[in-house]
$ cat protein-v7.cif   # mmCIF, C-alpha atoms and all ligand atoms
data_query
#
loop_
_atom_site.label_atom_id
_atom_site.label_comp_id
_atom_site.auth_asym_id
_atom_site.auth_seq_id
_atom_site.Cartn_x
_atom_site.Cartn_y
_atom_site.Cartn_z
CA MET A 74 -23.09 70.31 -37.10
CA GLN A 75 -23.00 73.08 -39.63
CA ASP A 76 -20.20 74.02 -42.01
CA HIS A 77 -19.03 77.39 -43.35
CA TYR A 78 -21.48 77.31 -46.22
CA GLY A 79 -24.56 76.59 -44.15
CA HIS A 80 -24.66 72.85 -44.85
CA ARG A 81 -26.36 71.22 -41.89
CA ILE A 82 -24.95 67.74 -41.44
CA SER A 83 -27.62 65.26 -40.44
CA TYR A 84 -26.82 62.32 -42.70
CA LEU A 85 -24.01 59.79 -42.37
CA ARG A 86 -23.27 57.19 -45.02
CA VAL A 87 -21.41 54.29 -43.50
CA SER A 88 -19.52 51.93 -45.77
CA ILE A 89 -19.15 48.66 -43.92
CA THR A 90 -16.96 46.84 -46.46
CA ASP A 91 -14.82 47.45 -49.53
CA ARG A 92 -15.70 43.98 -50.82
CA CYS A 93 -18.23 43.15 -53.46
CA ASN A 94 -19.58 40.13 -55.28
CA GLU A 95 -19.94 42.14 -58.50
CA ARG A 96 -17.51 44.11 -60.68
CA CYS A 97 -19.44 47.04 -62.11
CA THR A 98 -17.41 48.73 -64.82
CA TYR A 99 -18.05 52.24 -63.51
CA CYS A 100 -17.29 51.40 -59.89
CA MET A 101 -14.61 48.76 -59.75
CA PRO A 102 -12.52 48.02 -62.80
CA GLN A 103 -11.64 44.37 -63.35
CA GLU A 104 -8.05 44.71 -62.24
CA LEU A 105 -8.95 45.90 -58.73
CA GLN A 106 -9.18 42.62 -56.86
CA GLU A 107 -7.30 43.35 -53.72
CA TRP A 108 -9.34 43.79 -50.60
CA LEU A 109 -8.22 45.53 -47.48
CA PRO A 110 -6.94 43.21 -44.75
CA ARG A 111 -9.32 42.64 -41.88
CA HIS A 112 -7.45 44.65 -39.25
CA GLU A 113 -7.63 47.73 -41.48
CA ILE A 114 -11.43 47.55 -41.49
CA LEU A 115 -13.42 49.08 -38.63
CA SER A 116 -15.10 46.47 -36.48
CA TYR A 117 -18.85 46.77 -36.01
CA GLU A 118 -18.23 47.91 -32.43
CA GLU A 119 -15.99 50.70 -33.69
CA MET A 120 -18.54 51.76 -36.27
CA LEU A 121 -21.30 51.79 -33.66
CA ARG A 122 -19.21 53.99 -31.42
CA LEU A 123 -18.56 56.51 -34.21
CA ILE A 124 -22.24 56.50 -35.18
CA ARG A 125 -23.18 57.21 -31.54
CA VAL A 126 -20.80 60.15 -31.49
CA ALA A 127 -22.18 61.44 -34.81
CA ALA A 128 -25.73 61.09 -33.48
CA GLN A 129 -24.81 63.23 -30.47
CA LEU A 130 -23.77 65.90 -32.98
CA GLY A 131 -27.08 65.86 -34.82
CA VAL A 132 -26.82 63.01 -37.30
CA SER A 133 -30.27 61.43 -37.49
CA LYS A 134 -30.14 59.55 -40.79
CA LEU A 135 -27.91 56.64 -41.66
CA ARG A 136 -27.33 54.77 -44.87
CA ILE A 137 -25.37 51.54 -44.80
CA THR A 138 -23.43 50.94 -47.97
CA GLY A 139 -20.21 49.48 -49.36
CA GLY A 140 -18.83 47.73 -51.47
CA GLU A 141 -21.70 45.37 -51.16
CA PRO A 142 -22.83 45.69 -47.54
CA LEU A 143 -24.68 42.37 -47.55
CA THR A 144 -21.43 40.48 -48.19
CA ARG A 145 -20.10 41.41 -44.74
CA ARG A 146 -20.62 38.72 -42.15
CA ASN A 147 -23.18 39.29 -39.39
CA VAL A 148 -24.54 42.40 -41.08
CA ILE A 149 -28.00 41.76 -39.59
CA ASP A 150 -26.61 41.71 -36.04
CA PHE A 151 -24.94 45.05 -36.75
CA VAL A 152 -28.01 46.65 -38.29
CA ARG A 153 -30.20 45.49 -35.41
CA ARG A 154 -28.24 47.71 -33.04
CA LEU A 155 -28.70 50.91 -35.03
CA PRO A 156 -32.29 51.78 -34.02
CA ASP A 157 -31.23 51.80 -30.35
CA ILE A 158 -28.81 54.67 -30.91
CA ASP A 159 -30.28 57.85 -29.46
CA GLY A 160 -31.10 60.36 -32.18
CA ILE A 161 -31.11 57.95 -35.14
CA ARG A 162 -34.51 58.20 -36.81
CA SER A 163 -33.93 56.89 -40.30
CA ILE A 164 -31.96 53.85 -41.45
CA GLY A 165 -31.43 53.02 -45.11
CA LEU A 166 -29.27 50.52 -46.94
CA SER A 167 -27.90 50.51 -50.49
CA THR A 168 -27.36 47.17 -52.16
CA ASN A 169 -26.83 45.58 -55.55
CA GLY A 170 -29.78 43.36 -54.61
CA THR A 171 -28.04 40.06 -55.30
CA LEU A 172 -28.33 38.71 -51.76
CA LEU A 173 -31.75 40.02 -50.69
CA VAL A 174 -33.55 36.85 -51.67
CA ARG A 175 -31.12 34.55 -49.87
CA GLU A 176 -32.67 32.61 -46.98
CA ILE A 177 -30.64 33.33 -43.90
CA THR A 178 -32.79 31.31 -41.54
CA PRO A 179 -35.40 28.80 -42.70
CA GLY A 180 -38.24 30.73 -44.30
CA GLN A 181 -36.63 34.15 -43.74
CA THR A 182 -34.96 36.10 -46.54
CA MET A 183 -32.16 38.60 -46.05
CA ALA A 184 -34.66 41.30 -47.06
CA GLN A 185 -37.06 40.30 -44.27
CA ALA A 186 -34.27 40.08 -41.74
CA LEU A 187 -33.07 43.59 -42.65
CA ASN A 188 -36.56 44.98 -42.38
CA GLU A 189 -37.13 43.32 -39.01
CA ALA A 190 -33.74 44.60 -37.83
CA GLY A 191 -34.90 48.18 -38.42
CA VAL A 192 -33.93 49.14 -41.98
CA GLN A 193 -36.73 51.35 -43.27
CA SER A 194 -35.59 52.17 -46.76
CA ILE A 195 -33.62 50.19 -49.26
CA ASN A 196 -31.97 51.27 -52.53
CA VAL A 197 -31.33 48.59 -55.12
CA SER A 198 -29.08 49.18 -58.13
CA LEU A 199 -30.56 48.04 -61.42
CA ASP A 200 -29.13 49.42 -64.66
CA THR A 201 -30.90 47.19 -67.15
CA LEU A 202 -33.63 44.57 -67.60
CA ASP A 203 -31.50 42.72 -70.14
CA PRO A 204 -29.59 39.86 -68.47
CA THR A 205 -26.80 39.93 -71.07
CA VAL A 206 -26.19 43.64 -70.68
CA TYR A 207 -26.44 43.20 -66.91
CA SER A 208 -23.57 40.70 -67.04
CA GLN A 209 -21.53 43.04 -69.21
CA ILE A 210 -21.96 45.88 -66.72
CA THR A 211 -21.51 43.91 -63.52
CA GLY A 212 -19.21 41.11 -64.69
CA ARG A 213 -21.57 38.63 -63.06
CA ASP A 214 -24.64 36.58 -63.99
CA PHE A 215 -26.83 37.70 -61.10
CA HIS A 216 -29.65 39.42 -62.98
CA GLY A 217 -32.28 36.82 -62.02
CA GLN A 218 -31.18 36.95 -58.41
CA VAL A 219 -31.52 40.75 -58.34
CA LEU A 220 -35.05 40.62 -59.75
CA GLY A 221 -35.84 38.00 -57.11
CA GLY A 222 -34.23 40.28 -54.54
CA ILE A 223 -36.47 43.19 -55.53
CA ASP A 224 -39.51 40.95 -55.08
CA ALA A 225 -38.16 39.82 -51.72
CA ALA A 226 -37.76 43.47 -50.69
CA ILE A 227 -41.34 44.22 -51.74
CA ASP A 228 -42.59 41.22 -49.75
CA ALA A 229 -40.57 42.31 -46.73
CA GLY A 230 -42.57 45.54 -46.49
CA PHE A 231 -39.94 48.31 -46.38
CA ASP A 232 -41.33 51.84 -46.04
CA GLN A 233 -39.53 52.80 -49.21
CA ILE A 234 -37.74 50.94 -51.99
CA LYS A 235 -35.83 52.88 -54.64
CA LEU A 236 -34.19 51.58 -57.78
CA ASN A 237 -30.99 53.32 -58.91
CA THR A 238 -29.92 53.31 -62.55
CA VAL A 239 -26.58 54.73 -63.70
CA LEU A 240 -26.96 56.37 -67.12
CA MET A 241 -24.59 54.99 -69.76
CA ARG A 242 -24.86 56.04 -73.35
CA GLY A 243 -24.42 53.17 -75.76
CA CYS A 244 -25.18 50.70 -72.99
CA ASN A 245 -28.50 51.20 -71.24
CA GLU A 246 -30.16 54.19 -72.92
CA ASP A 247 -32.71 51.83 -74.49
CA GLN A 248 -33.60 50.67 -70.98
CA LEU A 249 -34.93 53.93 -69.58
CA LEU A 250 -38.52 53.35 -70.62
CA PRO A 251 -38.59 49.62 -69.80
CA LEU A 252 -37.17 50.45 -66.36
CA ILE A 253 -39.85 53.09 -65.83
CA GLU A 254 -42.51 50.50 -66.68
CA PHE A 255 -40.83 47.95 -64.41
CA ALA A 256 -40.82 50.41 -61.51
CA ALA A 257 -44.42 51.50 -62.20
CA ALA A 258 -45.67 47.92 -62.13
CA ARG A 259 -44.16 47.49 -58.67
CA ASN A 260 -44.89 50.96 -57.33
CA LEU A 261 -41.19 51.71 -56.78
CA VAL A 262 -39.34 55.03 -57.03
CA LEU A 263 -36.77 54.94 -59.85
CA ARG A 264 -33.78 57.29 -60.02
CA PHE A 265 -31.41 57.95 -62.89
CA ILE A 266 -27.86 58.80 -61.88
CA GLU A 267 -25.21 60.54 -63.95
CA MET A 268 -21.99 58.64 -64.11
CA MET A 269 -19.29 60.24 -62.00
CA PRO A 270 -15.54 59.91 -62.47
CA VAL A 271 -15.08 57.89 -59.34
CA SER A 272 -13.15 55.07 -60.89
CA THR A 273 -10.39 54.94 -63.47
CA ARG A 274 -10.19 57.73 -66.02
CA GLU A 275 -11.45 55.52 -68.89
CA VAL A 276 -14.70 54.77 -67.10
CA LEU A 277 -16.24 58.09 -67.97
CA ASN A 278 -15.75 59.71 -71.34
CA GLU A 279 -17.62 61.87 -73.75
CA SER A 280 -19.11 58.96 -75.64
CA ASN A 281 -20.60 57.07 -72.69
CA PHE A 282 -21.67 59.99 -70.50
CA MET A 283 -25.38 60.75 -70.56
CA SER A 284 -26.68 63.76 -68.67
CA VAL A 285 -29.87 63.69 -66.64
CA LEU A 286 -31.23 66.43 -68.88
CA GLU A 287 -30.87 64.22 -71.96
CA ALA A 288 -32.46 61.33 -70.13
CA LYS A 289 -35.32 63.57 -69.00
CA ARG A 290 -35.92 64.86 -72.54
CA PHE A 291 -35.94 61.33 -73.90
CA ILE A 292 -38.43 60.22 -71.26
CA GLU A 293 -40.61 63.27 -71.96
CA SER A 294 -40.69 62.42 -75.66
CA ALA A 295 -42.47 59.21 -74.66
CA TYR A 296 -44.61 60.28 -71.68
CA GLY A 297 -45.04 64.05 -72.04
CA SER A 298 -43.67 66.74 -69.71
CA LEU A 299 -42.67 65.42 -66.32
CA ILE A 300 -44.27 67.28 -63.43
CA PRO A 301 -41.76 68.66 -60.88
CA GLU A 302 -42.36 67.50 -57.31
CA ARG A 303 -40.55 70.24 -55.44
CA GLU A 304 -42.02 69.27 -52.12
CA PHE A 305 -40.79 65.70 -52.29
CA ARG A 306 -37.28 65.12 -51.01
CA THR A 307 -35.50 62.09 -49.70
CA ASN A 308 -32.21 62.41 -47.85
CA GLY A 309 -30.16 62.85 -50.98
CA PRO A 310 -29.69 65.34 -53.80
CA ALA A 311 -32.18 63.86 -56.28
CA THR A 312 -34.82 66.01 -57.94
CA TYR A 313 -38.14 64.26 -58.36
CA TYR A 314 -40.90 64.34 -60.95
CA GLN A 315 -44.25 62.75 -61.44
CA VAL A 316 -44.86 60.87 -64.68
CA PRO A 317 -47.92 62.58 -66.19
CA GLY A 318 -51.19 60.73 -65.77
CA ARG A 319 -49.72 58.33 -63.23
CA ALA A 320 -48.95 58.27 -59.54
CA GLN A 321 -45.40 57.26 -60.48
CA ARG A 322 -42.41 59.23 -59.21
CA ILE A 323 -38.98 59.24 -60.85
CA GLY A 324 -35.82 61.04 -59.77
CA PHE A 325 -32.65 62.38 -61.33
CA ILE A 326 -29.25 62.70 -59.69
CA GLY A 327 -27.12 64.97 -61.80
CA ALA A 328 -23.88 65.51 -59.93
CA MET A 329 -22.00 66.41 -63.10
CA THR A 330 -24.39 68.84 -64.74
CA ASN A 331 -26.60 70.26 -61.98
CA LEU A 332 -24.81 73.38 -60.79
CA HIS A 333 -26.94 73.53 -57.64
CA PHE A 334 -26.17 69.94 -56.75
CA CYS A 335 -24.16 70.67 -53.60
CA GLU A 336 -26.26 73.45 -52.16
CA SER A 337 -28.35 71.28 -49.90
CA CYS A 338 -25.67 68.74 -49.06
CA ASN A 339 -26.21 67.30 -45.60
CA LYS A 340 -23.78 64.39 -45.79
CA LEU A 341 -20.64 62.95 -44.32
CA ARG A 342 -19.15 59.59 -45.26
CA LEU A 343 -17.38 57.08 -43.07
CA THR A 344 -15.32 54.62 -45.09
CA CYS A 345 -14.88 51.04 -43.93
CA ASP A 346 -11.22 51.71 -43.17
CA GLY A 347 -12.08 54.52 -40.82
CA LYS A 348 -11.75 57.67 -42.90
CA LEU A 349 -14.23 60.50 -42.60
CA ARG A 350 -14.91 62.11 -45.97
CA PRO A 351 -16.72 65.44 -46.06
CA CYS A 352 -17.45 65.08 -49.79
CA LEU A 353 -17.49 62.20 -52.31
CA GLY A 354 -16.02 64.42 -55.01
CA SER A 355 -13.02 65.76 -53.14
CA TYR A 356 -9.63 64.43 -52.14
CA LEU A 357 -10.22 65.31 -48.53
CA GLU A 358 -10.39 62.44 -46.08
CA PHE A 359 -9.45 62.26 -42.43
CA ASP A 360 -8.33 59.20 -40.54
CA ILE A 361 -10.57 58.81 -37.50
CA MET A 362 -9.53 55.18 -37.00
CA ARG A 363 -6.18 56.26 -35.61
CA PRO A 364 -7.47 58.35 -32.69
CA LEU A 365 -10.26 55.84 -32.13
CA ARG A 366 -7.78 52.98 -31.76
CA ALA A 367 -5.39 55.14 -29.78
CA GLY A 368 -8.03 55.50 -27.08
CA ALA A 369 -9.65 58.87 -27.84
CA ASN A 370 -12.61 59.69 -25.60
CA ASP A 371 -16.03 60.70 -26.97
CA GLN A 372 -15.27 64.38 -26.59
CA GLN A 373 -12.13 64.04 -28.70
CA LEU A 374 -13.98 62.07 -31.35
CA LYS A 375 -16.72 64.69 -31.41
CA GLN A 376 -14.10 67.37 -31.97
CA PHE A 377 -12.69 65.27 -34.83
CA PHE A 378 -16.12 65.23 -36.51
CA LEU A 379 -16.49 68.97 -36.03
CA ASP A 380 -13.04 69.61 -37.53
CA VAL A 381 -13.92 67.53 -40.58
CA VAL A 382 -17.20 69.37 -41.06
CA GLU A 383 -15.25 72.61 -40.80
CA ARG A 384 -13.27 71.45 -43.86
CA LYS A 385 -16.31 70.48 -45.92
CA PRO A 386 -15.93 72.09 -49.34
CA ARG A 387 -18.56 74.36 -50.85
CA GLU A 388 -19.05 71.89 -53.71
CA HIS A 389 -17.57 68.79 -55.30
CA GLU A 390 -14.69 68.92 -57.77
CA PHE A 391 -15.95 66.40 -60.32
CA ARG A 392 -16.30 69.04 -63.00
CA ASN A 393 -12.68 70.18 -62.61
CA ASN A 394 -11.24 66.96 -63.97
CA TYR A 395 -11.11 65.63 -60.46
CA GLN A 396 -9.84 62.07 -60.30
CA PRO A 397 -10.29 60.52 -56.91
CA ASN A 398 -7.51 58.92 -54.98
CA ARG A 399 -9.79 55.96 -54.40
CA LYS A 400 -12.31 53.91 -56.32
CA MET A 401 -16.01 54.30 -55.54
CA ILE A 402 -16.05 50.84 -54.06
CA ALA A 403 -13.44 51.84 -51.51
CA ILE A 404 -15.17 55.11 -50.61
CA GLY A 405 -18.68 53.77 -50.34
CA GLY A 406 -21.34 54.99 -52.70
N1 LIG B 1 -23.05 47.71 -53.85
C1 LIG B 1 -24.17 48.58 -53.60
C2 LIG B 1 -24.84 48.97 -54.89
O1 LIG B 1 -24.33 48.66 -55.96
O2 LIG B 1 -25.90 49.59 -54.81
C3 LIG B 1 -23.83 49.79 -52.76
C4 LIG B 1 -22.56 50.53 -53.09
S1 LIG B 1 -22.53 51.30 -54.70
C5 LIG B 1 -20.93 52.01 -54.70
C6 LIG B 1 -23.68 52.65 -54.45
C7 LIG B 1 -24.22 53.30 -55.70
O3 LIG B 1 -23.15 53.96 -56.37
C8 LIG B 1 -24.83 52.33 -56.70
O4 LIG B 1 -26.15 52.78 -57.02
C9 LIG B 1 -23.95 52.46 -57.91
O5 LIG B 1 -24.68 52.31 -59.11
C10 LIG B 1 -23.40 53.86 -57.75
N2 LIG B 1 -22.13 54.10 -58.46
C11 LIG B 1 -21.01 53.38 -58.44
N3 LIG B 1 -20.06 53.91 -59.24
C12 LIG B 1 -20.62 55.01 -59.80
C13 LIG B 1 -20.15 55.98 -60.72
N4 LIG B 1 -18.93 55.93 -61.25
N5 LIG B 1 -21.00 56.99 -61.06
C14 LIG B 1 -22.25 57.05 -60.54
N6 LIG B 1 -22.74 56.16 -59.66
C15 LIG B 1 -21.93 55.14 -59.30
FE1 LIG B 2 -20.25 46.37 -56.26
FE2 LIG B 2 -22.12 48.25 -56.00
FE3 LIG B 2 -19.72 48.87 -56.98
FE4 LIG B 2 -21.30 47.40 -58.44
S1 LIG B 2 -21.71 49.51 -57.79
S2 LIG B 2 -19.11 46.96 -58.05
S3 LIG B 2 -22.36 46.22 -56.93
S4 LIG B 2 -20.16 48.20 -54.93
#
$ encode --input "protein-v7.cif" --output "structure tokens" --more "lines below"
Ligand code: SAM
Ligand code: SF4
Amino acid sequence: MQDHYGHRISYLRVSITDRCNERCTYCMPQELQEWLPRHEILSYEEMLRLIRVAAQLGVSKLRITGGEPLTRRNVIDFVRRLPDIDGIRSIGLSTNGTLLVREITPGQTMAQALNEAGVQSINVSLDTLDPTVYSQITGRDFHGQVLGGIDAAIDAGFDQIKLNTVLMRGCNEDQLLPLIEFAAARNLVLRFIEMMPVSTREVLNESNFMSVLEAKRFIESAYGSLIPEREFRTNGPATYYQVPGRAQRIGFIGAMTNLHFCESCNKLRLTCDGKLRPCLGSYLEFDIMRPLRAGANDQQLKQFFLDVVERKPREHEFRNNYQPNRKMIAIGG
């Protein structure tokens, strides 16, 4: 699948739930407590069918996300079926890390079960090493569990583990260097993410926004000039650097300030309530659940995907005061 602007679509992010066991300020404001009713959520069978159709159109990489994907029941049984889909070569999962350490069968953690089910790469959100600040950001006391979850992921032997940190001035700017040391000690890739206006308007303002350039300068004042790693790319839009004198790699995701951010976009999103979104930072979304439940055949679903890709915008609209019609948690990060 290729759009008007030459974006080749090979990557599908699938949000399997709008529910979460945390309440991150930038993602889901406190007042949003209402979850979608069950019948408005795609079943696993429905998701698998749509993924099969997408794979026939050239999607080879999947990322399972949410909400918090590990809060959905039987997630392991779902994930286990993904590697059997023809054409799918890469399976990743994004999580807040709180449930990775949980034993789901005697002696087996959720992290191990995911790895054995075929997940190759896992992204864990970690904005701070300070448990008090962690609770302020997430509204929950799960910091210890997340650190345990990261250890469980390391023990499980994933091909790649990345830590994701949302930059928040006045909140976690003092954590950038400790987080770099934390990641270095565990040989993990750490990425700093600019806050995006994907929640209520108050979430992002001039006083709490921190650009990736500022973060990079601050890091360079401590470690020296970061060395660009142009050859290294993951599936997403991060730019990567090596910390001088170390084998450590860190990344920056600057959706708000990097004017080239959308040039290499290869993504589509499927929300848990069956909407295809060609871009996170655009109002556009298309209801594929309706034709799916109305009995559309594979050819018709394929055409639906192609029509959505046809409408993929050149770039996101975050910089034009775009306010989404949905919270991040309902879109799937
Ligand atoms: N619950 C999982 C987690 O927290 O990693 C997966 C879903 S979450 C929506 C995916 C990613 O989006 C997380 O790394 C989170 O930090 C990020 N995110 C959420 N709201 C954001 C915002 N307003 N700006 C930038 N990143 C955001
Ligand atoms: Fe939940 Fe992840 Fe959103 Fe935090 S960022 S509220 S953990 S979905």
$ residues_near_ligand --input "protein-v7.cif" --ligand "ligand LIG 2 (chain B)" --cutoff "7 Å" --atoms "all atoms listed in the file" --output "ChimeraX atom specification"
/A:93-97,100-101,139-141,168-169,211,401-402
$ residues_near_ligand --input "protein-v7.cif" --ligand "ligand LIG 1 (chain B)" --cutoff "9 Å" --atoms "only C-alpha atoms and all ligand atoms" --output "MDAnalysis selection string"
chainID A and resid 88 92:95 97:101 137:143 166:170 196:200 236:240 266:273 276:277 328 400:406
$ closest_residue --input "protein-v7.cif" --among "A:Leu135, A:Cys352, A:Ile361, A:Leu109" --to "Gly191 in chain A" --atoms "all atoms listed in the file"
A:Leu135
$ closest_residue --input "protein-v7.cif" --among "A:Phe378, A:Trp108, A:Phe151, A:Tyr313" --to "Leu263 in chain A" --atoms "all atoms listed in the file"
A:Tyr313
$ atom_distance --input "protein-v7.cif" --atom1 "CA of Gln248 in chain A" --atom2 "CA of Asp203 in chain A"
8.3 Å
$ atom_distance --input "protein-v7.cif" --atom1 "CA of Met329 in chain A" --atom2 "CA of Arg290 in chain A"
16.9 Å
